[in-house]
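See below for final39.txt, which holds compact mmCIF, C-alpha atoms.
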```
# COMPACT_ATOMS: atom_id res chain seq x y z
CA MET A 28 6.14 132.31 -52.06
CA SER A 29 5.93 131.24 -48.49
CA ASP A 30 4.37 127.87 -49.28
CA ILE A 31 7.60 126.56 -50.80
CA PRO A 32 9.64 124.88 -48.09
CA ASP A 33 13.30 125.62 -47.60
CA TRP A 34 15.84 122.86 -47.90
CA GLY A 35 18.44 121.74 -45.46
CA ALA A 36 20.08 118.63 -44.02
CA SER A 37 21.02 118.03 -40.43
CA PRO A 38 24.57 116.91 -39.64
CA GLN A 39 23.22 113.42 -38.94
CA GLN A 40 21.70 113.13 -42.40
CA SER A 41 23.47 112.41 -45.66
CA LEU A 42 24.42 115.45 -47.70
CA HIS A 43 21.54 115.09 -50.14
CA GLN A 44 18.73 113.97 -47.80
CA GLU A 45 16.09 116.68 -47.48
CA ALA A 46 14.88 117.79 -44.10
CA LEU A 47 11.13 117.39 -43.69
CA LYS A 48 9.70 120.75 -42.71
CA ALA A 49 6.39 122.52 -42.76
CA PRO A 50 5.70 124.87 -45.66
CA GLY A 51 7.30 128.27 -45.15
CA SER A 52 9.66 127.10 -42.39
CA GLN A 53 13.20 128.45 -42.27
CA PRO A 54 16.47 126.52 -41.85
CA THR A 55 17.34 126.07 -38.20
CA THR A 56 20.73 126.51 -36.63
CA GLY A 57 22.98 123.55 -37.26
CA GLN A 58 21.36 122.59 -40.55
CA LEU A 59 23.40 122.44 -43.71
CA SER A 60 22.19 123.64 -47.10
CA GLN A 61 24.78 122.02 -49.33
CA CYS A 62 22.35 120.47 -51.76
CA PRO A 63 18.59 120.05 -51.94
CA SER A 64 17.37 116.82 -53.45
CA SER A 65 14.41 115.05 -51.94
CA ALA A 66 11.45 113.41 -53.58
CA SER A 67 9.20 116.24 -52.41
CA LEU A 68 11.11 118.67 -54.61
CA LEU A 69 8.25 119.27 -57.00
CA THR A 70 5.41 119.03 -54.49
CA CYS A 71 6.16 122.50 -53.13
CA THR A 72 4.78 124.31 -56.16
CA SER A 73 2.72 127.37 -55.32
CA SER A 74 -1.01 126.96 -55.85
CA SER A 75 -0.97 130.10 -57.99
CA LEU A 76 1.19 128.40 -60.62
CA VAL A 77 -0.35 126.64 -63.59
CA ILE A 78 0.94 123.20 -64.49
CA ASN A 79 2.26 122.60 -68.03
CA LYS A 80 3.23 126.21 -68.66
CA PRO A 81 6.53 126.59 -70.52
CA LYS A 82 9.42 126.97 -68.10
CA ILE A 83 12.71 128.84 -68.10
CA LEU A 84 15.20 127.33 -65.67
CA LEU A 85 17.72 129.65 -64.00
CA MET A 86 20.74 127.79 -62.66
CA GLY A 87 24.31 128.47 -61.59
CA LEU A 88 26.63 128.32 -58.61
CA SER A 89 25.96 130.32 -55.47
CA LYS A 90 26.97 133.99 -55.76
CA SER A 91 27.06 133.81 -59.56
CA GLY A 92 24.35 136.49 -59.75
CA LYS A 93 21.40 134.48 -61.09
CA THR A 94 18.92 135.65 -58.44
CA SER A 95 20.01 139.24 -59.02
CA VAL A 96 19.18 138.80 -62.71
CA ARG A 97 15.66 137.69 -61.83
CA HIS A 98 15.02 140.55 -59.41
CA VAL A 99 16.39 143.28 -61.69
CA ILE A 100 14.34 142.20 -64.71
CA PHE A 101 11.08 140.91 -63.27
CA HIS A 102 10.87 142.67 -59.89
CA LYS A 103 12.19 146.11 -60.86
CA MET A 104 14.94 146.02 -58.25
CA SER A 105 17.84 148.40 -58.81
CA ALA A 106 21.23 146.82 -59.44
CA ASN A 107 22.69 148.36 -56.28
CA GLU A 108 20.00 146.80 -54.09
CA THR A 109 20.83 143.26 -55.24
CA GLN A 110 23.93 143.14 -53.04
CA PHE A 111 21.59 142.70 -50.08
CA LEU A 112 19.86 139.62 -51.52
CA GLU A 113 20.36 136.38 -49.62
CA SER A 114 21.46 133.17 -51.30
CA THR A 115 18.67 131.07 -52.76
CA LEU A 116 17.93 128.12 -50.45
CA LYS A 117 14.91 126.73 -52.28
CA ILE A 118 13.44 126.58 -55.75
CA ASP A 119 11.67 129.86 -56.33
CA LYS A 120 8.93 129.39 -58.92
CA ILE A 121 7.63 132.65 -60.36
CA ASP A 122 4.67 133.10 -62.69
CA ILE A 123 5.63 135.81 -65.18
CA SER A 124 2.17 136.21 -66.73
CA ASN A 125 1.03 138.85 -64.22
CA LYS A 126 0.99 142.29 -65.92
CA SER A 127 3.03 140.88 -68.80
CA PHE A 128 2.49 139.72 -72.35
CA LEU A 129 4.85 136.82 -71.69
CA ASP A 130 3.34 133.76 -70.05
CA PHE A 131 5.77 131.28 -68.52
CA GLN A 132 7.24 130.07 -65.26
CA LEU A 133 10.73 131.05 -64.14
CA TRP A 134 12.39 128.55 -61.79
CA ASP A 135 15.31 129.93 -59.81
CA PHE A 136 17.39 127.04 -58.42
CA PRO A 137 19.67 126.98 -55.37
CA GLY A 138 23.31 127.25 -56.33
CA LYS A 139 24.16 124.12 -54.38
CA LEU A 140 21.71 121.87 -56.21
CA ASP A 141 23.75 119.44 -58.33
CA LEU A 142 21.61 117.30 -60.62
CA ALA A 143 24.38 114.73 -60.92
CA HIS A 144 23.89 113.91 -57.24
CA LEU A 145 20.19 113.39 -57.83
CA ARG A 146 21.01 110.78 -60.44
CA ASP A 147 23.49 109.15 -58.06
CA LYS A 148 20.59 108.83 -55.60
CA ASP A 149 18.42 107.32 -58.35
CA ASP A 150 16.17 110.38 -58.29
CA ILE A 151 15.65 110.08 -62.04
CA ALA A 152 11.94 110.88 -61.77
CA MET A 153 12.86 114.08 -59.96
CA ILE A 154 15.20 115.15 -62.78
CA GLU A 155 12.47 114.44 -65.34
CA LYS A 156 10.03 116.63 -63.40
CA ILE A 157 12.54 119.47 -63.26
CA PHE A 158 13.04 119.50 -67.02
CA ALA A 159 9.40 118.73 -67.91
CA ASP A 160 7.97 121.57 -70.07
CA ALA A 161 11.32 123.39 -69.87
CA ARG A 162 12.07 125.38 -73.02
CA VAL A 163 15.24 127.22 -72.05
CA LEU A 164 17.97 126.57 -69.47
CA ILE A 165 19.88 129.67 -68.39
CA PHE A 166 23.16 128.88 -66.66
CA VAL A 167 24.86 131.88 -65.04
CA ILE A 168 28.65 131.85 -64.63
CA ASP A 169 30.87 134.44 -63.00
CA PRO A 170 34.06 134.27 -65.15
CA MET A 171 36.11 135.87 -62.39
CA GLU A 172 35.19 133.44 -59.61
CA GLU A 173 37.74 131.03 -58.15
CA LYS A 174 35.52 127.99 -58.72
CA LEU A 175 35.37 128.51 -62.49
CA SER A 176 36.41 124.94 -63.32
CA TYR A 177 33.74 123.63 -60.96
CA ALA A 178 31.16 125.90 -62.60
CA ILE A 179 32.09 124.51 -66.02
CA ASP A 180 31.80 120.94 -64.73
CA ARG A 181 28.39 121.76 -63.21
CA LEU A 182 27.24 123.26 -66.51
CA HIS A 183 28.36 120.17 -68.39
CA ASN A 184 26.57 117.86 -65.95
CA THR A 185 23.41 119.97 -66.18
CA ILE A 186 23.41 119.90 -70.00
CA THR A 187 23.93 116.13 -69.90
CA GLU A 188 20.96 115.63 -67.59
CA ALA A 189 18.80 117.99 -69.65
CA TYR A 190 19.60 116.08 -72.85
CA LYS A 191 18.51 112.80 -71.28
CA VAL A 192 15.05 114.31 -70.72
CA SER A 193 14.67 116.45 -73.85
CA ALA A 194 17.09 117.38 -76.62
CA LYS A 195 14.82 120.34 -77.50
CA ILE A 196 15.83 122.34 -74.43
CA LYS A 197 17.98 125.30 -75.45
CA VAL A 198 20.92 126.27 -73.26
CA GLU A 199 21.87 129.92 -72.76
CA VAL A 200 25.10 130.53 -70.84
CA PHE A 201 25.33 134.00 -69.28
CA LEU A 202 28.93 135.01 -68.61
CA HIS A 203 27.82 137.40 -65.93
CA LYS A 204 29.28 140.42 -64.10
CA SER A 205 30.93 141.59 -67.31
CA ASP A 206 30.87 145.19 -66.04
CA SER A 207 34.15 144.43 -64.25
CA MET A 208 35.87 143.60 -67.57
CA ASN A 209 36.98 145.70 -70.50
CA GLU A 210 36.07 144.75 -74.07
CA ASP A 211 39.28 142.77 -74.65
CA GLN A 212 38.73 140.78 -71.46
CA LYS A 213 35.13 140.06 -72.47
CA VAL A 214 36.22 138.70 -75.84
CA GLU A 215 39.01 136.64 -74.29
CA ASN A 216 36.79 135.23 -71.52
CA ILE A 217 33.97 134.23 -73.83
CA ARG A 218 36.47 132.64 -76.23
CA GLU A 219 38.20 130.66 -73.50
CA LEU A 220 35.03 129.54 -71.72
CA THR A 221 33.32 128.63 -74.97
CA HIS A 222 36.30 126.50 -75.94
CA ARG A 223 36.46 124.73 -72.56
CA ILE A 224 32.73 124.00 -72.43
CA ARG A 225 32.46 122.87 -76.05
CA LYS A 226 35.46 120.61 -75.52
CA LYS A 227 33.57 118.83 -72.74
CA LEU A 228 30.47 118.56 -74.92
CA VAL A 229 32.55 117.02 -77.72
CA VAL A 230 33.90 114.37 -75.33
CA SER A 231 30.35 113.50 -74.24
CA GLY A 232 29.03 113.58 -77.82
CA LEU A 233 26.62 116.47 -77.23
CA GLN A 234 28.31 119.20 -79.27
CA ASP A 235 25.73 119.01 -82.10
CA LYS A 236 22.78 117.68 -80.11
CA MET A 237 22.06 120.53 -77.69
CA TYR A 238 21.65 124.16 -78.76
CA THR A 239 24.12 126.12 -76.62
CA ASN A 240 24.80 129.85 -76.80
CA PHE A 241 27.03 132.20 -74.81
CA ARG A 242 26.42 135.85 -73.88
CA THR A 243 28.20 138.38 -71.68
CA THR A 244 25.79 140.10 -69.28
CA SER A 245 25.67 142.57 -66.43
CA ILE A 246 22.86 143.97 -64.30
CA TYR A 247 24.57 147.38 -64.38
CA ASP A 248 23.83 147.99 -68.06
CA HIS A 249 21.26 146.94 -70.64
CA SER A 250 23.09 143.76 -71.68
CA ILE A 251 21.06 141.62 -69.26
CA PHE A 252 17.80 142.92 -70.73
CA GLU A 253 19.02 142.21 -74.24
CA ALA A 254 20.07 138.67 -73.29
CA MET A 255 16.78 137.92 -71.50
CA SER A 256 14.86 139.35 -74.45
CA ILE A 257 16.51 136.89 -76.80
CA VAL A 258 15.80 134.07 -74.35
CA CYS A 259 12.11 134.97 -74.08
CA GLN A 260 11.78 135.21 -77.85
CA GLN A 261 12.45 131.49 -77.97
CA LEU A 262 9.06 131.01 -76.30
CA LEU A 263 7.36 132.96 -79.12
CA GLU A 264 8.51 131.02 -82.16
CA ASN A 265 5.00 130.96 -83.67
CA VAL A 266 4.55 134.75 -83.64
CA LEU A 267 8.14 135.97 -84.00
CA PRO A 268 8.48 135.70 -87.84
CA PRO A 269 5.17 137.54 -88.52
CA PHE A 270 6.12 140.24 -86.03
CA GLU A 271 9.48 140.71 -87.73
CA ASN A 272 7.87 140.94 -91.17
CA ILE A 273 5.41 143.56 -89.94
CA LEU A 274 8.22 145.60 -88.38
CA ASN A 275 10.30 145.38 -91.56
CA ALA A 276 7.41 146.79 -93.56
CA PHE A 277 6.84 149.56 -91.00
CA VAL A 278 10.53 150.54 -90.89
CA GLY A 279 10.76 150.62 -94.67
CA SER A 280 7.59 152.68 -95.10
CA ASN A 281 8.56 155.32 -92.53
CA LYS A 282 12.35 155.46 -92.99
CA MET A 283 12.97 154.31 -89.43
CA GLU A 284 16.43 153.39 -88.20
CA LYS A 285 15.26 150.69 -85.79
CA ALA A 286 12.01 149.45 -84.28
CA PHE A 287 11.22 147.25 -81.28
CA ILE A 288 8.08 145.75 -79.81
CA PHE A 289 8.47 145.83 -76.03
CA ASP A 290 6.69 143.97 -73.28
CA LEU A 291 6.19 146.99 -71.05
CA HIS A 292 6.37 145.46 -67.58
CA PRO A 293 9.72 143.60 -67.72
CA LYS A 294 11.15 145.98 -70.38
CA ILE A 295 11.93 143.04 -72.65
CA PHE A 296 11.69 143.39 -76.42
CA ILE A 297 9.85 140.47 -77.94
CA ALA A 298 10.55 141.39 -81.57
CA THR A 299 12.62 143.75 -83.70
CA ASP A 300 13.15 144.35 -87.40
CA SER A 301 15.87 142.57 -89.37
CA THR A 302 18.32 145.49 -89.51
CA PRO A 303 21.56 144.88 -87.53
CA PHE A 304 21.14 145.17 -83.79
CA ASP A 305 22.45 148.47 -82.45
CA MET A 306 23.08 148.55 -78.71
CA PRO A 307 23.06 152.39 -78.40
CA ALA A 308 19.70 152.48 -80.19
CA TYR A 309 18.35 149.80 -77.86
CA GLU A 310 19.59 151.71 -74.81
CA LEU A 311 17.81 154.85 -76.07
CA CYS A 312 14.56 152.92 -76.39
CA CYS A 313 14.94 151.46 -72.89
CA ASP A 314 15.63 154.92 -71.46
CA MET A 315 12.46 156.19 -73.11
CA LEU A 316 10.44 153.40 -71.52
CA ASP A 317 11.87 154.35 -68.12
CA LEU A 318 10.95 157.98 -68.75
CA ILE A 319 7.38 157.12 -69.68
CA ALA A 320 7.05 154.78 -66.68
CA ASP A 321 8.21 157.57 -64.33
CA MET A 322 5.82 160.05 -65.89
CA GLY A 323 3.01 157.51 -65.72
CA CYS A 324 3.44 157.26 -61.95
CA ILE A 325 2.72 160.99 -61.68
CA TYR A 326 -0.49 160.73 -63.69
CA GLN A 327 -1.77 157.56 -62.03
CA ASP A 328 -5.49 157.11 -61.53
CA TYR A 329 -5.60 156.49 -57.78
CA GLU A 330 -9.30 155.66 -57.77
CA GLY A 331 -9.00 152.78 -60.18
CA GLY A 332 -5.36 152.02 -59.49
CA GLU A 333 -4.57 151.99 -63.22
CA ASP A 334 -2.29 154.23 -65.24
CA ARG A 335 -3.99 156.70 -67.51
CA ALA A 336 -3.59 156.33 -71.28
CA ALA A 337 -2.10 159.81 -71.58
CA PHE A 338 1.21 158.40 -72.75
CA SER A 339 -0.08 155.75 -75.15
CA THR A 340 1.55 157.88 -77.86
CA CYS A 341 4.69 159.92 -77.26
CA SER A 342 7.63 161.35 -79.21
CA VAL A 343 10.95 162.59 -77.86
CA VAL A 344 13.64 164.47 -79.80
CA THR A 345 17.21 163.64 -78.72
CA LEU A 346 20.31 165.83 -78.89
CA ASN A 347 21.50 164.20 -82.11
CA ASP A 348 18.23 165.05 -83.90
CA SER A 349 16.83 161.54 -83.61
CA ILE A 350 13.14 161.18 -82.82
CA LEU A 351 12.03 158.40 -80.48
CA HIS A 352 8.43 157.32 -81.00
CA LEU A 353 6.47 155.26 -78.49
CA LYS A 354 3.05 154.00 -79.50
CA GLN A 355 1.10 151.59 -77.33
CA ILE A 356 -0.28 148.53 -79.13
CA ASN A 357 -2.27 147.07 -76.26
CA ARG A 358 -2.16 146.91 -72.47
CA ASN A 359 1.18 145.07 -72.39
CA LEU A 360 2.88 145.82 -75.72
CA ALA A 361 4.30 149.02 -77.19
CA LEU A 362 6.16 149.94 -80.35
CA VAL A 363 9.33 151.97 -79.78
CA CYS A 364 11.20 153.17 -82.85
CA ILE A 365 13.94 155.62 -83.85
CA GLN A 366 13.70 158.04 -86.77
CA GLN A 367 16.09 160.70 -87.99
CA ALA A 368 14.52 164.17 -87.84
CA GLN A 369 13.57 165.52 -91.28
CA PRO A 370 12.48 169.01 -92.42
CA ASP A 371 9.00 167.73 -93.25
CA THR A 372 8.64 165.56 -90.14
CA ALA A 373 5.42 167.32 -89.15
CA CYS A 374 3.95 166.72 -92.60
CA ILE A 375 4.57 162.98 -92.50
CA GLN A 376 3.10 162.55 -89.00
CA GLY A 377 -0.24 161.61 -90.54
CA ILE A 378 1.44 158.92 -92.64
CA LEU A 379 3.23 157.61 -89.55
CA ASP A 380 -0.05 157.43 -87.61
CA TYR A 381 -1.76 155.61 -90.47
CA ASN A 382 1.09 153.11 -90.86
CA PHE A 383 1.12 152.49 -87.12
CA GLN A 384 -2.59 151.70 -87.20
CA GLN A 385 -1.89 149.13 -89.93
CA LEU A 386 0.93 147.67 -87.80
CA LYS A 387 -1.36 147.54 -84.77
CA ASN A 388 -4.06 145.74 -86.77
CA GLY A 389 -1.50 143.27 -88.07
CA ILE A 390 -0.15 142.53 -84.58
CA HIS A 391 -3.65 141.97 -83.24
CA GLU A 392 -4.46 139.63 -86.14
CA VAL A 393 -1.29 137.59 -85.51
CA LEU A 394 -2.10 137.33 -81.79
CA LYS A 395 -5.67 136.27 -82.60
CA VAL A 396 -4.55 133.50 -84.95
CA ALA A 397 -1.90 132.35 -82.45
CA ASN A 398 -4.48 132.32 -79.61
CA PHE A 399 -2.56 134.84 -77.46
```
Write-out of the structure in structure tokens:
Amino acid sequence: MSDIPDWGASPQQSLHQEALKAPGSQPTTGQLSQCPSSASLLTCTSSSLVINKPKILLMGLSKSGKTSVRHVIFHKMSANETQFLESTLKIDKIDISNKSFLDFQLWDFPGKLDLAHLRDKDDIAMIEKIFADARVLIFVIDPMEEKLSYAIDRLHNTITEAYKVSAKIKVEVFLHKSDSMNEDQKVENIRELTHRIRKKLVVSGLQDKMYTNFRTTSIYDHSIFEAMSIVCQQLLENVLPPFENILNAFVGSNKMEKAFIFDLHPKIFIATDSTPFDMPAYELCCDMLDLIADMGCIYQDYEGGEDRAAFSTCSVVTLNDSILHLKQINRNLALVCIQQAQPDTACIQGILDYNFQQLKNGIHEVLKVANF
């Protein structure tokens, strides 16, 4: 997004005065990037973005891993490659609607942007523009970093500023880089951080006024995809209950263990049935999506540039006699479900196909009524 200018401040300027630069210019030697905050903050939006789309805000301190989260999920970058990413020096505004069922903007903020300083500079209009149309605020914290207390203070200040604009914004706190911790450390860290943050919210009177949730995540396993799936589901409140009811009926009719509806491009599940969430089952489904994506690359239609529909329906038998079914609903959505192998599995395939067609019709009807 080269038309979004970088931020910086020369040594002669105050810490929060923005350097005026041409779109796409880079910080020059001698400029500082402590905190971006000028009145042109929101004028650097890419022309490809649509105003008034729902927004998800991605915030956190520098080196907390928030930009890595964005690249792993929405840009298909491997976790190992993220170590070469540079720090975010500008607001990166990404339109997620391309090749995806989901339709929103993701704003990735520089780690050194402190909204409290914007208010100190009377940039209240700027804060209102940042949180305008925002549905979810994701704040990424590295529990092992030295500046943990500062990160907690920044989170508290950010929640306070968000509440002044809209109390409907939901806050999701990602306790990131959990791959470096064992299960006991994860439990202890989330307990301690939750207590410290909620204590600050109690003092400021926001403990019951802002929805705040905490999750442990890592880009080296499927936990980040699970967390982002739950975040994105909050943008689909009008279709989520019907989807869940349809999946419940499908699971009950076909004796499935678990079923998910996935958005194929970002590998995010937008709905699941009401049975308890099972992480190993979810990981199996994600692995199947990866397998199908790799196979799809082999059978790509190079003339039209589109993948063939050869894998719109697929079944895989695992070592523990579970059957993974993938059935494509439309261009962007697919049903992935797990079923225990049975002696008469071949006989009930026709029933499964019929029930899937009913599920597909139901999903299409819900999307039509909801104007998706």
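Straight-line separation from CA of Val96 (chain A) to CA of Asp130 (chain A): 18.2 Å.
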Among the residues A:His102, A:Tyr190, A:Leu85, A:Ala152, the one that comes closest to Trp134 (chain A) [using only C-alpha atoms]:
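So, comparing all the options, the nearest one is A:Leu85.
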Need to verify the contact set: region 351-366 of chain A, 7 Å, all atoms listed in the file, exclusion of same-chain residues closer than 4 positions in sequence. Can you return it as JSON, numbers by chain?
{"A": [127, 128, 282, 283, 284, 285, 286, 287, 288, 289, 290, 291, 312, 339, 340, 341, 342, 343, 344, 387]}
Minimum-distance residue to Asp317 (chain A), chosen among A:His292, A:Asn388, A:Phe383, A:Leu233 (using only C-alpha atoms)
A:His292
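Of the residues listed (A:Met104, A:Met255, A:Ile297, A:Leu164), A:Leu164 shows the shortest atom-to-atom separation from Ile83 (chain A); distances use all atoms listed in the file.
Each of A:Lys174, A:Lys195, A:His203, A:His183 was checked against Ser231 (chain A) using only C-alpha atoms; the smallest atom-to-atom distance is that of A:His183.
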Please, what distance in Å, to one decimal, runs between CA of Arg162 (chain A) and CA of Ala106 (chain A)?
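Pair CA of Arg162 (chain A) / CA of Ala106 (chain A) returns 27.0 Å.
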Please output region 140-155 of chain A, rebuilt to include N, CA and C atoms, as an mmCIF file, in the coordinates of the input.
```
data_model
loop_
_atom_site.group_PDB
_atom_site.id
_atom_site.type_symbol
_atom_site.label_atom_id
_atom_site.label_comp_id
_atom_site.auth_asym_id
_atom_site.auth_seq_id
_atom_site.Cartn_x
_atom_site.Cartn_y
_atom_site.Cartn_z
ATOM 1 N N LEU A 140 22.415 123.033 -55.680
ATOM 2 C CA LEU A 140 21.710 121.870 -56.210
ATOM 3 C C LEU A 140 22.479 121.314 -57.401
ATOM 4 N N ASP A 141 23.000 120.113 -57.268
ATOM 5 C CA ASP A 141 23.750 119.440 -58.330
ATOM 6 C C ASP A 141 22.912 118.277 -58.837
ATOM 7 N N LEU A 142 22.476 118.344 -60.081
ATOM 8 C CA LEU A 142 21.610 117.300 -60.620
ATOM 9 C C LEU A 142 22.318 115.955 -60.725
ATOM 10 N N ALA A 143 23.639 115.987 -60.852
ATOM 11 C CA ALA A 143 24.380 114.730 -60.920
ATOM 12 C C ALA A 143 24.214 113.921 -59.645
ATOM 13 N N HIS A 144 24.090 114.609 -58.506
ATOM 14 C CA HIS A 144 23.890 113.910 -57.240
ATOM 15 C C HIS A 144 22.493 113.311 -57.158
ATOM 16 N N LEU A 145 21.529 113.967 -57.786
ATOM 17 C CA LEU A 145 20.190 113.390 -57.830
ATOM 18 C C LEU A 145 20.196 112.072 -58.578
ATOM 19 N N ARG A 146 20.938 112.028 -59.692
ATOM 20 C CA ARG A 146 21.010 110.780 -60.440
ATOM 21 C C ARG A 146 21.745 109.714 -59.643
ATOM 22 N N ASP A 147 22.773 110.107 -58.899
ATOM 23 C CA ASP A 147 23.490 109.150 -58.060
ATOM 24 C C ASP A 147 22.555 108.547 -57.012
ATOM 25 N N LYS A 148 21.560 109.322 -56.578
ATOM 26 C CA LYS A 148 20.590 108.830 -55.600
ATOM 27 C C LYS A 148 19.388 108.177 -56.266
ATOM 28 N N ASP A 149 19.508 107.934 -57.585
ATOM 29 C CA ASP A 149 18.420 107.320 -58.350
ATOM 30 C C ASP A 149 17.144 108.157 -58.314
ATOM 31 N N ASP A 150 17.305 109.468 -58.236
ATOM 32 C CA ASP A 150 16.170 110.380 -58.290
ATOM 33 C C ASP A 150 15.897 110.792 -59.730
ATOM 34 N N ILE A 151 15.829 109.795 -60.616
ATOM 35 C CA ILE A 151 15.650 110.080 -62.040
ATOM 36 C C ILE A 151 14.299 110.736 -62.302
ATOM 37 N N ALA A 152 13.265 110.281 -61.603
ATOM 38 C CA ALA A 152 11.940 110.880 -61.770
ATOM 39 C C ALA A 152 11.964 112.349 -61.391
ATOM 40 N N MET A 153 12.752 112.688 -60.384
ATOM 41 C CA MET A 153 12.860 114.080 -59.960
ATOM 42 C C MET A 153 13.485 114.930 -61.052
ATOM 43 N N ILE A 154 14.533 114.411 -61.698
ATOM 44 C CA ILE A 154 15.200 115.150 -62.780
ATOM 45 C C ILE A 154 14.229 115.351 -63.938
ATOM 46 N N GLU A 155 13.439 114.328 -64.241
ATOM 47 C CA GLU A 155 12.470 114.440 -65.340
ATOM 48 C C GLU A 155 11.422 115.502 -65.026
#
```
